[in-house]
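For reference, run.cif is printed below; it contains mmCIF, C-alpha atoms.
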```cif
data_upload
loop_
_atom_site.label_atom_id
_atom_site.label_comp_id
_atom_site.auth_asym_id
_atom_site.auth_seq_id
_atom_site.Cartn_x
_atom_site.Cartn_y
_atom_site.Cartn_z
CA MET I 41 56.16 -12.77 158.08
CA ASN I 42 53.06 -10.59 158.41
CA GLU I 43 52.42 -7.38 156.43
CA THR I 44 53.82 -5.09 159.12
CA GLU I 45 57.01 -7.14 159.37
CA LYS I 46 57.38 -6.96 155.58
CA LEU I 47 56.87 -3.21 155.75
CA TYR I 48 59.53 -2.95 158.44
CA GLN I 49 61.99 -4.95 156.36
CA LYS I 50 61.33 -2.80 153.30
CA LYS I 51 61.95 0.42 155.22
CA LEU I 52 65.01 -1.02 156.94
CA GLU I 53 66.47 -2.02 153.59
CA ARG I 54 65.99 1.52 152.27
CA TYR I 55 67.68 3.01 155.32
CA MET I 56 70.61 0.58 155.29
CA THR I 57 71.16 1.05 151.56
CA ALA I 58 71.16 4.85 151.82
CA MET I 59 73.51 4.77 154.84
CA ASP I 60 75.98 2.78 152.76
CA CYS I 61 75.72 5.41 149.99
CA GLY I 62 73.65 3.12 147.77
CA LYS I 63 70.46 3.78 145.84
CA PRO I 64 67.29 2.21 147.32
CA ASP I 65 63.97 1.96 145.44
CA VAL I 66 62.93 5.38 146.78
CA VAL I 67 64.57 8.24 148.66
CA PRO I 68 64.09 7.32 152.33
CA VAL I 69 62.25 9.98 154.31
CA THR I 70 62.23 10.58 158.05
CA PHE I 71 59.40 11.67 160.29
CA GLY I 72 59.50 12.90 163.85
CA ILE I 73 56.77 14.20 166.12
CA GLY I 74 57.92 17.43 167.74
CA GLU I 75 56.43 19.84 170.22
CA TRP I 76 54.32 21.20 167.34
CA VAL I 77 51.94 18.28 167.91
CA VAL I 78 50.57 19.87 171.07
CA LYS I 79 48.54 22.37 169.01
CA TYR I 80 46.55 19.51 167.53
CA THR I 81 45.93 17.34 170.59
CA GLY I 82 43.97 19.48 173.06
CA THR I 83 46.64 19.00 175.71
CA THR I 84 49.25 21.27 177.26
CA LEU I 85 52.93 20.84 176.56
CA GLN I 86 53.40 20.13 180.27
CA GLU I 87 51.02 17.15 180.05
CA ILE I 88 52.93 15.76 177.09
CA TYR I 89 56.27 16.16 178.85
CA TYR I 90 55.20 14.81 182.23
CA ASP I 91 52.84 12.01 181.20
CA LEU I 92 54.82 9.52 179.13
CA ASP I 93 51.78 7.31 178.49
CA LYS I 94 49.80 10.25 177.12
CA SER I 95 52.70 11.33 174.95
CA ASN I 96 53.30 7.81 173.63
CA ASN I 97 49.59 7.31 172.89
CA ILE I 98 49.57 10.53 170.85
CA VAL I 99 52.51 9.18 168.85
CA ASN I 100 50.75 5.86 168.36
CA GLU I 101 47.61 7.52 167.02
CA MET I 102 49.57 9.81 164.73
CA LEU I 103 51.60 7.01 163.14
CA LYS I 104 48.48 5.37 161.74
CA GLY I 105 48.38 5.66 157.98
CA LEU I 106 51.50 7.82 157.55
CA ASP I 107 53.90 6.66 154.85
CA PHE I 108 57.54 7.34 155.74
CA ASP I 109 60.65 5.23 156.40
CA ILE I 110 62.65 6.32 159.42
CA PHE I 111 61.08 7.41 162.68
CA LYS I 112 62.84 9.98 164.84
CA GLY I 113 60.64 9.64 167.91
CA GLY I 114 58.08 11.55 169.90
CA PRO I 115 57.87 15.11 171.18
CA CYS I 116 59.82 14.86 174.46
CA LEU I 117 63.58 14.58 174.72
CA TRP I 118 63.44 14.26 178.50
CA TRP I 119 61.11 13.19 181.30
CA PRO I 120 60.98 16.16 183.70
CA PRO I 121 59.96 14.19 186.83
CA MET I 122 63.49 12.73 186.87
CA PHE I 123 64.93 16.24 186.89
CA ASP I 124 62.47 17.34 189.56
CA ALA I 125 63.47 14.39 191.77
CA MET I 126 67.10 15.54 191.66
CA GLY I 127 66.28 19.24 191.97
CA SER I 128 68.09 19.71 188.68
CA LYS I 129 69.12 23.25 187.78
CA LEU I 130 69.90 22.30 184.18
CA TYR I 131 66.50 22.93 182.64
CA LYS I 132 63.26 24.77 183.06
CA PHE I 133 60.48 22.56 181.74
CA PRO I 134 56.91 23.37 180.67
CA GLY I 135 54.91 24.03 183.82
CA MET I 136 57.97 23.95 186.08
CA GLY I 137 59.92 27.17 185.64
CA VAL I 138 58.28 28.27 182.40
CA ASP I 139 54.67 28.45 181.22
CA GLU I 140 52.87 25.14 180.71
CA ASN I 141 52.94 25.65 176.94
CA SER I 142 56.46 27.07 176.65
CA THR I 143 59.27 24.93 175.37
CA PHE I 144 62.06 23.91 177.77
CA GLN I 145 64.99 26.22 178.47
CA PHE I 146 68.57 25.20 179.27
CA ASN I 147 69.97 27.08 182.26
CA GLU I 148 73.60 27.41 181.22
CA GLN I 149 76.07 28.07 184.05
CA GLU I 150 79.70 27.29 184.90
CA TYR I 151 78.77 24.13 186.77
CA MET I 152 82.43 23.15 186.49
CA LYS I 153 84.84 25.88 187.65
CA ALA I 154 88.18 26.65 186.02
CA ASP I 155 89.94 25.25 189.11
CA ASP I 156 88.21 21.88 188.58
CA TYR I 157 90.03 20.98 185.37
CA ASP I 158 92.83 18.91 186.92
CA GLU I 159 90.54 16.80 189.09
CA PHE I 160 88.11 16.29 186.22
CA ILE I 161 90.89 15.22 183.84
CA ALA I 162 92.33 12.79 186.45
CA GLY I 163 89.01 10.97 186.90
CA PRO I 164 86.01 12.29 184.92
CA THR I 165 83.39 9.84 186.21
CA GLU I 166 84.32 10.37 189.84
CA TRP I 167 84.42 14.12 189.41
CA LEU I 168 80.93 14.05 187.93
CA VAL I 169 79.63 12.13 190.96
CA ASN I 170 81.50 14.07 193.63
CA HIS I 171 81.14 17.59 192.24
CA PHE I 172 79.01 17.95 189.13
CA LEU I 173 75.88 16.18 190.38
CA PRO I 174 75.83 18.22 193.64
CA ASN I 175 76.50 21.39 191.63
CA ILE I 176 73.56 20.87 189.28
CA SER I 177 71.08 19.37 191.77
CA THR I 178 69.57 21.29 194.68
CA GLU I 179 68.56 17.99 196.32
CA LEU I 180 72.20 16.82 196.35
CA GLU I 181 73.69 19.94 197.92
CA ASN I 182 74.54 17.97 201.09
CA PRO I 183 75.92 14.64 199.86
CA GLY I 184 75.16 11.80 202.27
CA SER I 185 72.16 13.61 203.78
CA TYR I 186 68.68 12.12 203.91
CA ARG I 187 67.42 14.37 201.10
CA SER I 188 70.44 13.66 198.94
CA THR I 189 70.23 9.88 199.30
CA VAL I 190 66.50 9.82 198.63
CA ALA I 191 66.95 12.05 195.57
CA LEU I 192 69.60 9.74 194.11
CA ILE I 193 67.34 6.72 194.64
CA LYS I 194 64.44 8.53 192.96
CA GLY I 195 66.60 9.85 190.12
CA ALA I 196 68.08 6.45 189.28
CA ALA I 197 64.65 4.82 189.55
CA ALA I 198 63.22 7.43 187.18
CA PHE I 199 66.06 6.78 184.73
CA ALA I 200 65.22 3.05 184.73
CA ILE I 201 61.44 3.58 184.64
CA SER I 202 61.49 6.04 181.75
CA GLY I 203 63.93 3.83 179.85
CA GLY I 204 61.60 0.85 180.25
CA VAL I 205 58.50 2.82 179.24
CA MET I 206 60.19 4.18 176.13
CA ALA I 207 61.58 0.77 175.14
CA ALA I 208 58.07 -0.68 175.35
CA ALA I 209 56.66 2.22 173.33
CA TRP I 210 59.23 1.75 170.57
CA GLU I 211 58.47 -1.96 170.46
CA LYS I 212 54.75 -1.19 170.11
CA TRP I 213 55.34 1.35 167.32
CA THR I 214 57.57 -1.14 165.53
CA VAL I 215 55.17 -4.06 165.84
CA GLU I 216 52.00 -2.09 165.04
CA HIS I 217 53.28 0.33 162.41
CA GLY I 218 56.51 -1.19 161.10
CA VAL I 219 58.52 1.92 161.93
CA VAL I 220 62.32 1.86 161.83
CA GLY I 221 64.04 3.97 164.47
CA GLN I 222 66.83 6.24 163.29
CA THR I 223 69.44 5.86 166.04
CA THR I 224 70.67 3.85 169.01
CA GLY I 225 73.11 5.36 171.51
CA PHE I 226 74.03 8.98 172.08
CA SER I 227 77.30 10.80 171.74
CA LYS I 228 78.62 14.32 171.42
CA ALA I 229 81.70 16.19 170.37
CA PRO I 230 83.95 16.18 173.47
CA PHE I 231 84.28 19.97 173.17
CA ASP I 232 80.47 20.21 173.34
CA THR I 233 80.31 18.02 176.43
CA LEU I 234 82.79 20.43 178.02
CA GLY I 235 81.27 23.61 176.63
CA ASP I 236 77.57 22.83 177.06
CA ALA I 237 76.93 21.38 180.50
CA LEU I 238 80.29 21.67 182.27
CA ARG I 239 81.99 25.01 181.57
CA GLY I 240 79.23 26.73 179.57
CA MET I 241 79.81 28.90 176.51
CA LYS I 242 81.35 31.84 178.37
CA GLY I 243 83.59 29.60 180.46
CA VAL I 244 84.91 27.51 177.61
CA LEU I 245 85.56 30.54 175.37
CA LEU I 246 87.60 32.20 178.13
CA ASP I 247 89.45 28.91 178.61
CA LEU I 248 90.55 28.93 174.96
CA ARG I 249 92.60 32.04 175.82
CA ARG I 250 93.56 31.46 179.44
CA ARG I 251 94.12 27.72 179.74
CA PRO I 252 94.08 26.19 176.23
CA GLU I 253 96.11 23.15 177.30
CA LYS I 254 93.43 22.27 179.89
CA VAL I 255 90.70 22.39 177.23
CA ILE I 256 92.64 20.01 175.02
CA ALA I 257 93.39 17.66 177.94
CA ALA I 258 89.76 17.70 179.09
CA CYS I 259 88.52 16.89 175.57
CA ALA I 260 91.01 14.00 175.43
CA ALA I 261 89.72 12.73 178.80
CA ILE I 262 86.10 12.94 177.62
CA THR I 263 86.65 11.23 174.25
CA PRO I 264 86.70 7.57 175.42
CA HIS I 265 83.57 8.20 177.47
CA ASN I 266 81.75 9.70 174.49
CA ILE I 267 82.75 6.69 172.40
CA ASN I 268 81.35 4.43 175.10
CA CYS I 269 78.11 6.44 175.34
CA GLY I 270 77.69 6.24 171.56
CA VAL I 271 78.04 2.49 171.44
CA ALA I 272 75.77 2.20 174.49
CA GLY I 273 77.46 -0.84 175.97
CA SER I 274 79.41 -3.84 174.75
CA GLY I 275 77.55 -6.12 172.37
CA ALA I 276 75.06 -3.36 171.65
CA ASP I 277 73.52 -2.52 168.28
CA THR I 278 75.82 -1.40 165.49
CA ARG I 279 73.31 -1.39 162.64
CA PHE I 280 72.01 2.06 163.48
CA PRO I 281 74.07 5.20 164.05
CA CYS I 282 74.31 6.94 167.39
CA PHE I 283 72.79 10.38 167.60
CA ALA I 284 75.27 13.22 168.09
CA PRO I 285 73.84 16.74 168.23
CA LEU I 286 76.78 19.03 167.44
CA HIS I 287 76.67 22.55 168.83
CA ARG I 288 79.77 24.76 169.14
CA GLY I 289 81.35 23.40 165.97
CA ALA I 290 78.93 25.29 163.74
CA TYR I 291 80.44 28.29 161.95
CA PRO I 292 81.15 30.87 163.35
CA PHE I 293 80.98 29.92 167.05
CA LEU I 294 84.73 29.28 166.83
CA ASN I 295 87.15 30.77 164.34
CA PRO I 296 88.67 28.22 161.91
CA LYS I 297 91.97 28.05 163.82
CA GLN I 298 90.16 27.35 167.10
CA TRP I 299 88.00 24.78 165.34
CA ASP I 300 91.12 23.04 164.00
CA ASN I 301 92.89 23.05 167.37
CA PHE I 302 90.13 22.56 169.91
CA TYR I 303 86.97 21.17 168.32
CA TRP I 304 87.91 18.84 165.52
CA PRO I 305 90.73 16.59 166.87
CA SER I 306 88.68 15.05 169.69
CA LEU I 307 85.48 14.85 167.60
CA LYS I 308 87.44 13.08 164.86
CA ALA I 309 88.95 10.71 167.43
CA ASN I 310 85.48 10.08 168.80
CA ILE I 311 84.10 9.19 165.35
CA GLU I 312 87.11 7.02 164.49
CA GLY I 313 86.80 5.26 167.86
CA LEU I 314 83.13 4.55 167.23
CA TRP I 315 83.81 3.38 163.68
CA ALA I 316 86.50 0.99 164.95
CA LYS I 317 83.70 -0.65 166.94
CA GLY I 318 81.47 -0.73 163.85
CA LYS I 319 79.31 2.16 165.02
CA ARG I 320 78.35 5.05 162.77
CA MET I 321 77.49 8.57 163.96
CA LEU I 322 74.54 10.67 162.87
CA PHE I 323 76.67 13.81 162.58
CA TYR I 324 73.84 16.18 163.43
CA ALA I 325 75.50 19.33 162.14
CA GLU I 326 73.14 21.97 163.45
CA GLY I 327 73.77 25.33 161.76
CA ASP I 328 76.36 25.97 159.06
CA TRP I 329 79.38 23.66 158.69
CA THR I 330 80.33 24.67 155.13
CA PRO I 331 83.85 25.93 156.01
CA TYR I 332 84.73 22.57 157.57
CA LEU I 333 83.53 20.15 154.89
CA GLU I 334 87.06 19.42 153.61
CA LYS I 335 88.16 18.44 157.13
CA ILE I 336 85.09 16.29 157.66
CA ALA I 337 85.92 14.53 154.40
CA GLU I 338 89.05 13.16 156.13
CA LEU I 339 86.86 10.74 158.10
CA PRO I 340 86.69 7.06 157.16
CA ASP I 341 84.20 6.41 154.36
CA LYS I 342 80.62 5.85 155.59
CA SER I 343 81.53 6.51 159.23
CA ILE I 344 78.93 9.28 159.53
CA ILE I 345 75.59 10.38 158.19
CA PHE I 346 76.07 14.09 157.59
CA GLN I 347 73.05 16.20 158.52
CA ILE I 348 72.51 19.24 156.29
CA ASP I 349 70.90 22.06 158.23
CA THR I 350 72.14 25.42 156.90
CA THR I 351 75.33 23.96 155.43
CA ASP I 352 75.54 24.69 151.68
CA PRO I 353 73.86 21.55 150.26
CA LYS I 354 75.64 21.68 146.88
CA LYS I 355 79.05 21.90 148.53
CA ALA I 356 78.12 19.12 150.95
CA LYS I 357 77.16 16.94 147.98
CA GLU I 358 80.30 17.87 146.06
CA ILE I 359 82.72 17.27 148.94
CA LEU I 360 81.06 14.49 150.97
CA GLY I 361 78.68 12.86 148.50
CA GLY I 362 79.38 9.28 147.50
CA ARG I 363 81.56 8.64 150.58
CA PHE I 364 79.06 9.64 153.27
CA CYS I 365 75.29 9.46 153.38
CA LEU I 366 73.72 12.93 153.44
CA GLN I 367 70.52 13.69 155.31
CA GLY I 368 68.28 16.74 155.63
CA GLY I 369 67.72 19.50 153.12
CA VAL I 370 64.38 20.94 154.26
CA PRO I 371 64.78 24.15 156.31
CA THR I 372 62.97 24.10 159.63
CA THR I 373 61.89 27.71 159.00
CA LEU I 374 60.01 26.52 155.91
CA LEU I 375 58.07 24.06 158.06
CA THR I 376 57.04 26.96 160.32
CA TYR I 377 56.51 29.87 157.93
CA GLY I 378 55.90 28.09 154.62
CA THR I 379 52.87 26.45 153.04
CA PRO I 380 52.39 22.84 151.91
CA GLU I 381 52.88 23.98 148.32
CA LYS I 382 56.18 25.73 149.13
CA VAL I 383 57.35 22.70 151.10
CA LYS I 384 56.58 20.38 148.18
CA GLU I 385 58.44 22.63 145.74
CA HIS I 386 61.44 22.64 148.03
CA VAL I 387 61.40 18.88 148.53
CA LYS I 388 61.35 18.36 144.75
CA ARG I 389 64.31 20.72 144.32
CA THR I 390 66.23 19.07 147.16
CA ILE I 391 65.73 15.58 145.73
CA ASP I 392 66.81 16.81 142.30
CA GLU I 393 69.99 18.32 143.77
CA LEU I 394 71.01 15.76 146.37
CA ALA I 395 69.42 12.38 145.78
CA GLY I 396 70.45 11.58 142.19
CA ASP I 397 72.89 8.74 142.78
CA GLY I 398 71.69 7.56 146.17
CA GLY I 399 73.20 8.02 149.62
CA PHE I 400 70.58 10.55 150.63
CA ILE I 401 67.81 10.66 153.25
CA LEU I 402 65.23 13.44 153.11
CA ASP I 403 64.73 15.14 156.48
CA ALA I 404 64.14 18.50 158.09
CA GLY I 405 67.47 20.27 158.45
CA GLY I 406 67.36 20.53 162.23
CA VAL I 407 65.03 20.04 165.15
CA VAL I 408 61.48 20.87 164.02
CA MET I 409 60.32 23.49 166.48
CA GLY I 410 57.06 23.84 168.36
CA ASP I 411 55.70 26.49 166.00
CA ALA I 412 55.95 24.26 162.91
CA LYS I 413 52.72 23.49 161.10
CA GLN I 414 51.57 19.90 160.96
CA GLU I 415 50.34 20.28 157.38
CA ASN I 416 53.86 21.31 156.33
CA VAL I 417 55.49 18.35 158.06
CA ILE I 418 53.00 15.99 156.40
CA ALA I 419 53.55 17.75 153.04
CA MET I 420 57.27 17.00 153.37
CA ILE I 421 56.81 13.25 153.62
CA GLU I 422 54.09 13.20 150.95
CA ALA I 423 56.32 15.10 148.53
CA ALA I 424 59.19 12.73 149.26
CA ARG I 425 57.01 9.84 148.10
CA GLU I 426 55.78 11.77 145.06
CA TYR I 427 59.19 12.90 143.80
CA GLY I 428 61.54 10.40 145.48
CA VAL I 429 61.13 7.34 143.26
CA TYR I 430 64.44 6.30 141.67
CA MET O 22 90.62 9.32 202.33
CA SER O 23 89.66 5.70 203.00
CA ASP O 24 90.63 2.87 200.67
CA LYS O 25 87.07 2.78 199.35
CA GLU O 26 87.28 6.47 198.46
CA LYS O 27 90.63 6.40 196.69
CA LEU O 28 90.59 7.70 193.12
CA LEU O 29 89.59 4.84 190.83
CA ASN O 30 89.51 6.57 187.43
CA PRO O 31 87.73 3.55 186.00
CA ASP O 32 87.47 2.77 182.30
CA PRO O 33 84.52 4.09 180.29
CA GLY O 34 81.38 2.13 181.15
CA VAL O 35 82.64 1.33 184.65
CA CYS O 36 82.08 3.02 188.02
CA VAL O 37 83.53 0.52 190.46
CA PRO O 38 85.48 -2.27 188.74
CA TRP O 39 84.59 -5.82 189.75
CA GLU O 40 88.28 -6.43 190.44
CA VAL O 41 88.17 -3.79 193.20
CA LYS O 42 85.02 -5.29 194.68
CA VAL O 43 86.25 -8.88 194.60
CA GLU O 44 89.45 -7.85 196.32
CA GLU O 45 87.37 -6.39 199.15
CA ILE O 46 85.26 -9.55 199.37
CA GLY O 47 88.33 -11.74 199.63
CA GLU O 48 87.51 -15.42 199.35
CA PHE O 49 84.76 -16.23 196.84
CA PRO O 50 83.20 -19.63 197.56
CA GLY O 51 80.56 -19.52 194.77
CA ASN O 52 80.66 -18.95 191.04
CA GLU O 53 82.37 -15.61 190.61
CA ALA O 54 81.35 -15.25 186.97
CA ILE O 55 77.64 -15.14 187.86
CA ALA O 56 78.13 -12.38 190.40
CA LYS O 57 80.55 -10.48 188.15
CA LYS O 58 78.12 -10.43 185.23
CA GLU O 59 75.28 -8.92 187.25
CA TRP O 60 77.60 -6.49 189.08
CA GLU O 61 78.83 -5.17 185.75
CA LYS O 62 75.30 -4.76 184.39
CA LEU O 63 74.30 -2.57 187.31
CA ASP O 64 77.62 -0.77 187.23
CA ASP O 65 77.04 0.06 183.56
CA PHE O 66 73.56 1.35 184.42
CA ALA O 67 75.06 3.62 187.09
CA TYR O 68 77.70 4.83 184.64
CA ASN O 69 75.09 5.76 182.06
CA PHE O 70 73.01 7.54 184.70
CA ILE O 71 76.01 9.61 185.80
CA TRP O 72 77.10 10.58 182.28
CA PHE O 73 73.52 11.29 181.20
CA TRP O 74 73.65 14.50 183.22
CA ALA O 75 76.82 15.71 181.52
CA GLN O 76 75.54 15.02 178.00
CA ARG O 77 72.73 17.56 177.74
#
```

Translate this file's structure into structure tokens.
Amino acid sequence: MNETEKLYQKKLERYMTAMDCGKPDVVPVTFGIGEWVVKYTGTTLQEIYYDLDKSNNIVNEMLKGLDFDIFKGGPCLWWPPMFDAMGSKLYKFPGMGVDENSTFQFNEQEYMKADDYDEFIAGPTEWLVNHFLPNISTELENPGSYRSTVALIKGAAAFAISGGVMAAAWEKWTVEHGVVGQTTGFSKAPFDTLGDALRGMKGVLLDLRRRPEKVIAACAAITPHNINCGVAGSGADTRFPCFAPLHRGAYPFLNPKQWDNFYWPSLKANIEGLWAKGKRMLFYAEGDWTPYLEKIAELPDKSIIFQIDTTDPKKAKEILGGRFCLQGGVPTTLLTYGTPEKVKEHVKRTIDELAGDGGFILDAGGVVMGDAKQENVIAMIEAAREYGVY
Amino acid sequence: MSDKEKLLNPDPGVCVPWEVKVEEIGEFPGNEAIAKKEWEKLDDFAYNFIWFWAQR
């Protein structure tokens, strides 16, 4: 075993121990390279989004010499050329719809109409192919046409190509820098799948009043698919959690009664379904989930890593600590508006409050935005090493 | 609606089940398991591509 392999094993051990609520040698700390990196590279955000090789090389250079445990990936969540090939209406990307240095924007619409519920519930995958893809893709407006067929070929090819490029990049980062990736697989709360891309916020909120039984039935129809997406195939990895960004469940998007009736049952079923297959969820609780901590505590022990964004950290520790690994604690606003000194003070306080008996991973609370300062992000991981020794 | 276009409502991870395909093929002189394995790999790829768009 060479030095990098030993480093990888050491970091992996820390991560696995913390996930199982144990106490490693140090508090594991995450690091991710967000859109903020563009300010320090002499490139545009469009170049970083469109040119995967350029983006991955920037990541490779940046990883040199940094001391952290869990890597959350590079600056681009998506590869826009795939969306361009399909004529996707879902996003505006840097340089295509918004300025070359502006972050992406989601173009939320009712891509699924209220009348579509029954057909969607009867066969979700077929409905997505027959109706959703044409609804969200200008190139697929005439299914079976020359343009439509070519766009599908290009879109599927782009999906495979980008997947292959990113797999190779992760292998390189692992071999050269000993980094441990945080997640494998992707899932969501079924209500978010329905409320984000299908019905949109306005549509799904009206549905809660006008057709509540359809919302519940649709979430039930989505749940087995979200379990499958989280596991990412039979025989796939179960060591690492799947990533699940959670949106409409944050307080107060829904009132507590709506949360109990519409949001939580299918999300809970999703998590329990994943856990039955040995797969944990990174419960990426964006925003404030404090009012729901007692409900979340009903989940099987260790079945999630609970992300603390603006949730009350002391209550999260009190209610979930010891049974679920906690992650986060550093406000994203501090990484934008703070100073390295302020970040270090906060990291020390967070470790004192949350890390005492293990089961904690230090991380930014949410997605680190493009206006964050690199020196603050670096200060976070340096402070974790300084104060995070058990 | 033709037979090929009837509602399948396949299981998660599946677009067109191998069982449907093999019924259309009829007699299978070779090793079915070899063909089934590769069919299901590509089918799973297609499934993930389709659901990718709904999971923004």

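Using only C-alpha atoms, the shortest contact distance between chain O and any of I:Gly163, I:Pro353, I:Gly114, I:Gly378 is found at I:Gly163.
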
- Task: Given the file shown, enumerate the residues that the PyMOL selection byres ((chain I) within 10 of (chain O)) captures and present them as an MDAnalysis selection string.
- Result: chainID I and resid 118 123 128 130:131 146 159:169 172:173 176 195:196 199:200 226:230 232:234 236:238 262:269 272:274 285

Selection above as a file: C-alpha atoms, as an mmCIF file, keeping the file's coordinate frame:
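Printed below is selection.cif as written:
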```
data_model
loop_
_atom_site.group_PDB
_atom_site.id
_atom_site.type_symbol
_atom_site.label_atom_id
_atom_site.label_comp_id
_atom_site.auth_asym_id
_atom_site.auth_seq_id
_atom_site.Cartn_x
_atom_site.Cartn_y
_atom_site.Cartn_z
ATOM 1 C CA TRP I 118 63.440 14.260 178.500
ATOM 2 C CA PHE I 123 64.930 16.240 186.890
ATOM 3 C CA SER I 128 68.090 19.710 188.680
ATOM 4 C CA LEU I 130 69.900 22.300 184.180
ATOM 5 C CA TYR I 131 66.500 22.930 182.640
ATOM 6 C CA PHE I 146 68.570 25.200 179.270
ATOM 7 C CA GLU I 159 90.540 16.800 189.090
ATOM 8 C CA PHE I 160 88.110 16.290 186.220
ATOM 9 C CA ILE I 161 90.890 15.220 183.840
ATOM 10 C CA ALA I 162 92.330 12.790 186.450
ATOM 11 C CA GLY I 163 89.010 10.970 186.900
ATOM 12 C CA PRO I 164 86.010 12.290 184.920
ATOM 13 C CA THR I 165 83.390 9.840 186.210
ATOM 14 C CA GLU I 166 84.320 10.370 189.840
ATOM 15 C CA TRP I 167 84.420 14.120 189.410
ATOM 16 C CA LEU I 168 80.930 14.050 187.930
ATOM 17 C CA VAL I 169 79.630 12.130 190.960
ATOM 18 C CA PHE I 172 79.010 17.950 189.130
ATOM 19 C CA LEU I 173 75.880 16.180 190.380
ATOM 20 C CA ILE I 176 73.560 20.870 189.280
ATOM 21 C CA GLY I 195 66.600 9.850 190.120
ATOM 22 C CA ALA I 196 68.080 6.450 189.280
ATOM 23 C CA PHE I 199 66.060 6.780 184.730
ATOM 24 C CA ALA I 200 65.220 3.050 184.730
ATOM 25 C CA PHE I 226 74.030 8.980 172.080
ATOM 26 C CA SER I 227 77.300 10.800 171.740
ATOM 27 C CA LYS I 228 78.620 14.320 171.420
ATOM 28 C CA ALA I 229 81.700 16.190 170.370
ATOM 29 C CA PRO I 230 83.950 16.180 173.470
ATOM 30 C CA ASP I 232 80.470 20.210 173.340
ATOM 31 C CA THR I 233 80.310 18.020 176.430
ATOM 32 C CA LEU I 234 82.790 20.430 178.020
ATOM 33 C CA ASP I 236 77.570 22.830 177.060
ATOM 34 C CA ALA I 237 76.930 21.380 180.500
ATOM 35 C CA LEU I 238 80.290 21.670 182.270
ATOM 36 C CA ILE I 262 86.100 12.940 177.620
ATOM 37 C CA THR I 263 86.650 11.230 174.250
ATOM 38 C CA PRO I 264 86.700 7.570 175.420
ATOM 39 C CA HIS I 265 83.570 8.200 177.470
ATOM 40 C CA ASN I 266 81.750 9.700 174.490
ATOM 41 C CA ILE I 267 82.750 6.690 172.400
ATOM 42 C CA ASN I 268 81.350 4.430 175.100
ATOM 43 C CA CYS I 269 78.110 6.440 175.340
ATOM 44 C CA ALA I 272 75.770 2.200 174.490
ATOM 45 C CA GLY I 273 77.460 -0.840 175.970
ATOM 46 C CA SER I 274 79.410 -3.840 174.750
ATOM 47 C CA PRO I 285 73.840 16.740 168.230
#
```

- Could you state which residues are captured by the PyMOL selection byres ((chain I and resi 54) around 9) in this file, as a list in words? Gln49, Lys50, Lys51, Leu52, Glu53, Tyr55, Met56, Thr57, Ala58, Met59, Lys63, Pro64, Asp65, Val66, Val67, Pro68 and Asp109 of chain I

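Between CA of Asp392 in chain I and CA of Ala284 in chain I the separation is 27.4 Å.
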
- Item | Contacts of Gln222 in chain I at 8 Å (all atoms listed in the file; same-chain gap of 3+ positions) as a list in words | Ile110, Phe111, Lys112, Phe280 and Pro281 of chain I

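When all atoms listed in the file are used to compute distances to Gly270 in chain I, the closest of the residues I:Ala208, I:Leu314, I:Val244, I:Ile418 turns out to be I:Leu314.
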
- Task: Evaluate the PyMOL selection byres ((chain I and resi 90) around 8) here and jot the selected residues down as a ChimeraX atom specification.
- Result: /I:86-89,91-92,119-121

Using only C-alpha atoms, collect all residues at a distance of at most 12 Å from (49.5, 18.0, 157.0) as written in the file, then present them as an mmCIF file with C-alpha atoms, in the coordinates of the input.
```cif
data_model
loop_
_atom_site.group_PDB
_atom_site.id
_atom_site.type_symbol
_atom_site.label_atom_id
_atom_site.label_comp_id
_atom_site.auth_asym_id
_atom_site.auth_seq_id
_atom_site.Cartn_x
_atom_site.Cartn_y
_atom_site.Cartn_z
ATOM 1 C CA TRP I 76 54.320 21.200 167.340
ATOM 2 C CA VAL I 77 51.940 18.280 167.910
ATOM 3 C CA TYR I 80 46.550 19.510 167.530
ATOM 4 C CA MET I 102 49.570 9.810 164.730
ATOM 5 C CA LEU I 106 51.500 7.820 157.550
ATOM 6 C CA LEU I 375 58.070 24.060 158.060
ATOM 7 C CA THR I 379 52.870 26.450 153.040
ATOM 8 C CA PRO I 380 52.390 22.840 151.910
ATOM 9 C CA GLU I 381 52.880 23.980 148.320
ATOM 10 C CA VAL I 383 57.350 22.700 151.100
ATOM 11 C CA LYS I 384 56.580 20.380 148.180
ATOM 12 C CA ALA I 412 55.950 24.260 162.910
ATOM 13 C CA LYS I 413 52.720 23.490 161.100
ATOM 14 C CA GLN I 414 51.570 19.900 160.960
ATOM 15 C CA GLU I 415 50.340 20.280 157.380
ATOM 16 C CA ASN I 416 53.860 21.310 156.330
ATOM 17 C CA VAL I 417 55.490 18.350 158.060
ATOM 18 C CA ILE I 418 53.000 15.990 156.400
ATOM 19 C CA ALA I 419 53.550 17.750 153.040
ATOM 20 C CA MET I 420 57.270 17.000 153.370
ATOM 21 C CA ILE I 421 56.810 13.250 153.620
ATOM 22 C CA GLU I 422 54.090 13.200 150.950
ATOM 23 C CA ALA I 423 56.320 15.100 148.530
#
```
